[in-house]
Amino acid sequence: MIELASVVKRFGNALAVKGVSLTVAKGEFVAVLGESGSGKTTLVKMINRLVEPDAGVVRVAGKDVRGEDVVALRRRIGYVIQHIGLLPHLTVADNVATVPRLLGWTDSAIAARVEELLQLVGLPDVGARYPEQLSGGQRQRIGVARALAAKPELLLLDEPLGALDPITRLGLQRELARIHKELGLTSVMVTHDMVEAFTLADRIAVMFRGELRQVATPHELATQPADEYVAKLVGLARDQAELVRSLA
Amino acid sequence: MTELLRGLPPLLAAHLELALVALVLGTAISMPLAIAASSRPRLAAAAIAVTGIIQTVPGLALLALMVPVLASIGAPPFGFAPALVALTLYALLPIMRNAVTGLQGVDPAAVEAATGMGMSRGQVMRLVQLPLAAPVIAAGIRTAAVWTVGAATLATPVGQACLGNYIFTGLQTRNFAMLLAGVAAAAALALTLDAILAAVEVALAGRRRSRAWIPLAALALFVAIIVGVLPRAIASSGVDVVAVRPDAAKRQAITHVRIGAKTFTEQYVLAELVRARLAAAGISAELAQSLGSNVIFDALVRGDVDVYVDYTGTLWTNVMHRASGPARWQVLAEIEGWLAHEYGIRSFALGFENTYAIAVRRDTAQKLDLHTLADLARVAPRLSLGADYEFLGRAEWASVVRAYGVHFARSATFDPALLYEAVERGEVDAISAFSSDGRIAANDLATLADPAGALPPYDATILLGARVADDPRVTCALAPLHVPVELMRQANAMVDRDKQSASTAAAWLLARIDAPACDR
């Protein structure tokens, strides 16, 4: 579904992404894991061309994205970011309806879709409200609903849960997993949270200083880390879990 | 008082129209620039710097500057056009600055999300950036509206009717009721616009954007009443209102004339005198008051003004660029021939002089034994001089300095309306005065003789522009006017000292001068 082949991105003199190749199969949930500055966000933004690679090729559904109309491409790919970016002057329903409206759907089709999506994210009654009247977790659910509005097959999530409290976060992780499965999406999520990646992803891609260190299932990652950095990451998560267990 | 209030609506309408057109133009220019600049920091800095520099030019200077600028590019340099250009330039900065700030201040997450969702750059601007920046942009337009309404009062000296007409005339004739009426009307206009635009701003900042239409509808209604309904209602009640400008250069019998006046009392009185004479001959007239000294002659040449009164000395030095010297009759004759030959302008001397003179308080003159400018030169290094805006820069003053070697310890410029008070209160010891000014006698001042003839003669002369110069009814009405200096001084004093209106003084004058009636 998605293929990144030897992509490179330079910002001034700094190499943000140093020749990374990654393939995501249809229906797969891949987490791109790394600390800030590792190039993980840059890598994912190449998929919807918010970032253009300096070298290498990005293909979506087999087609080189450079050959596609950038606006049309983005409307086929759902996009969720940490700061959500709901438009404060529009109601929740109008926010969710943004892309269908750009695509010229009929009013009745839009209304039906909005209702369906609000149901899907568990907030059926907030359509008439404004973003500022919602909690952080509710807003991010609306962010997800908006990303899914035009029925994309592909969902990109850039640290979508980074700013939420742990309880809300756990709830939303479960929601995301459910929605991913229910709609048969192909999802790529950027995160710096090891446990979140373990919880959600079919496969995890570990980025470190612009390089892809390992791509593997959570189980493989835990049992056969490719290098010291990955081993350290896994070790840290394990230490935390053990610390909590020892307190009980 | 009722006369005062009746004259206000057309000025209010012209004022609002000028300010609003400038505001709309300013917005139309600023917004595309601000949108282009919002993603280009260097362009934004340059645009704000340039508009900021324009803002530092004093309003009056910016307006006056537009006259030669427009003339040099062949645009009409008189009236609406220069006022509009200057006010539009004035409106740019607040609108641009707020728009750039507002657009740059839009939550980057909203822009990223919108872009990532598949909005084109134009859609992001239209659907996200502009709506989110709208309250800040509206605040900028509101600031510009208040500035523009205020600065529009300065459009009077370039020949555009506005509330400044009341303010300038009120100041020059010391008619404080008139001055206050002009100021209060301008302030009320500014406050009303500000309140309405504030409501728009609040509506835009709130969630229910659609409510912005309520104050906008109020604005439209307000404008419609002031510009459309009020002046017409007054007109139908039979009061003379500034009429629409007639098409220039029609070689038919003249039925409408535009009279110009400079910025002092005598000019207002004589303009009213001319108007009354024309009215008696069946010719309607409108007044363009408080025009700058250089603006008014150019306006006459261009046909924007048909008639006004000037003084031979001014024409001799400022327009013809001649040195002082010849006798009074010789100057008059030369000017008459020169104007007719160069511009097709006809001139009729009114028979009195209003020359520049140096005046001191009578007690000062006695104490220091001052009779002539030569006496003054002796003690001048211990004295101070007050002058109107022009005097110290004029050839006449240079000529006085050359002839008598006068050097004052200190000199200051004042508005002509305040000069006489300044010398009376002892702020300054001597002032530049006009010999026909009623306040010379009223304030007990003494004018000093000019034995060397350094100051050229200043015969008051009616000038007729080419369009009306050959019209028999106009010339019949104006050519025979002769005003003795004593009557002129008293008419001026009626306005300056007794607070009569210029038209009352003109009627008084007309009843005392012997001018035959013309056939209608």
# chains A, B, ... in the order shown; residues from 1 in each chain; ligands from 1
>>> interface_residues(of="chain A", to="chain B", cutoff="6 Å", atoms="only C-alpha atoms", output="JSON, numbers by chain")
{"A": [71, 74, 75, 83, 85, 89]}
>>> residues_around(residues="Gln173 (chain A)", least_positions_apart="6", cutoff="9 Å", atoms="only C-alpha atoms", output="count of residues only")
4
>>> residues_around(residues="Ala34 (chain B)", least_positions_apart="3", cutoff="7 Å", atoms="only C-alpha atoms", output="ChimeraX atom specification")
/B:30-31,37-38,96,99-100
>>> select_by_dssp(residues="region 270-508 of chain B", states="helix (DSSP H, G or I)", output="PyMOL selection string")
chain B and resi 270-280+293-302+312-319+328-343+362-368+373-382+391-393+395-404+416-424+438-442+472-478+485-496+502-508
>>> residues_around(residues="region 9-25 of chain A", least_positions_apart="4", cutoff="6 Å", atoms="only C-alpha atoms", output="ChimeraX atom specification")
/A:1-5,39,53-54,210-211
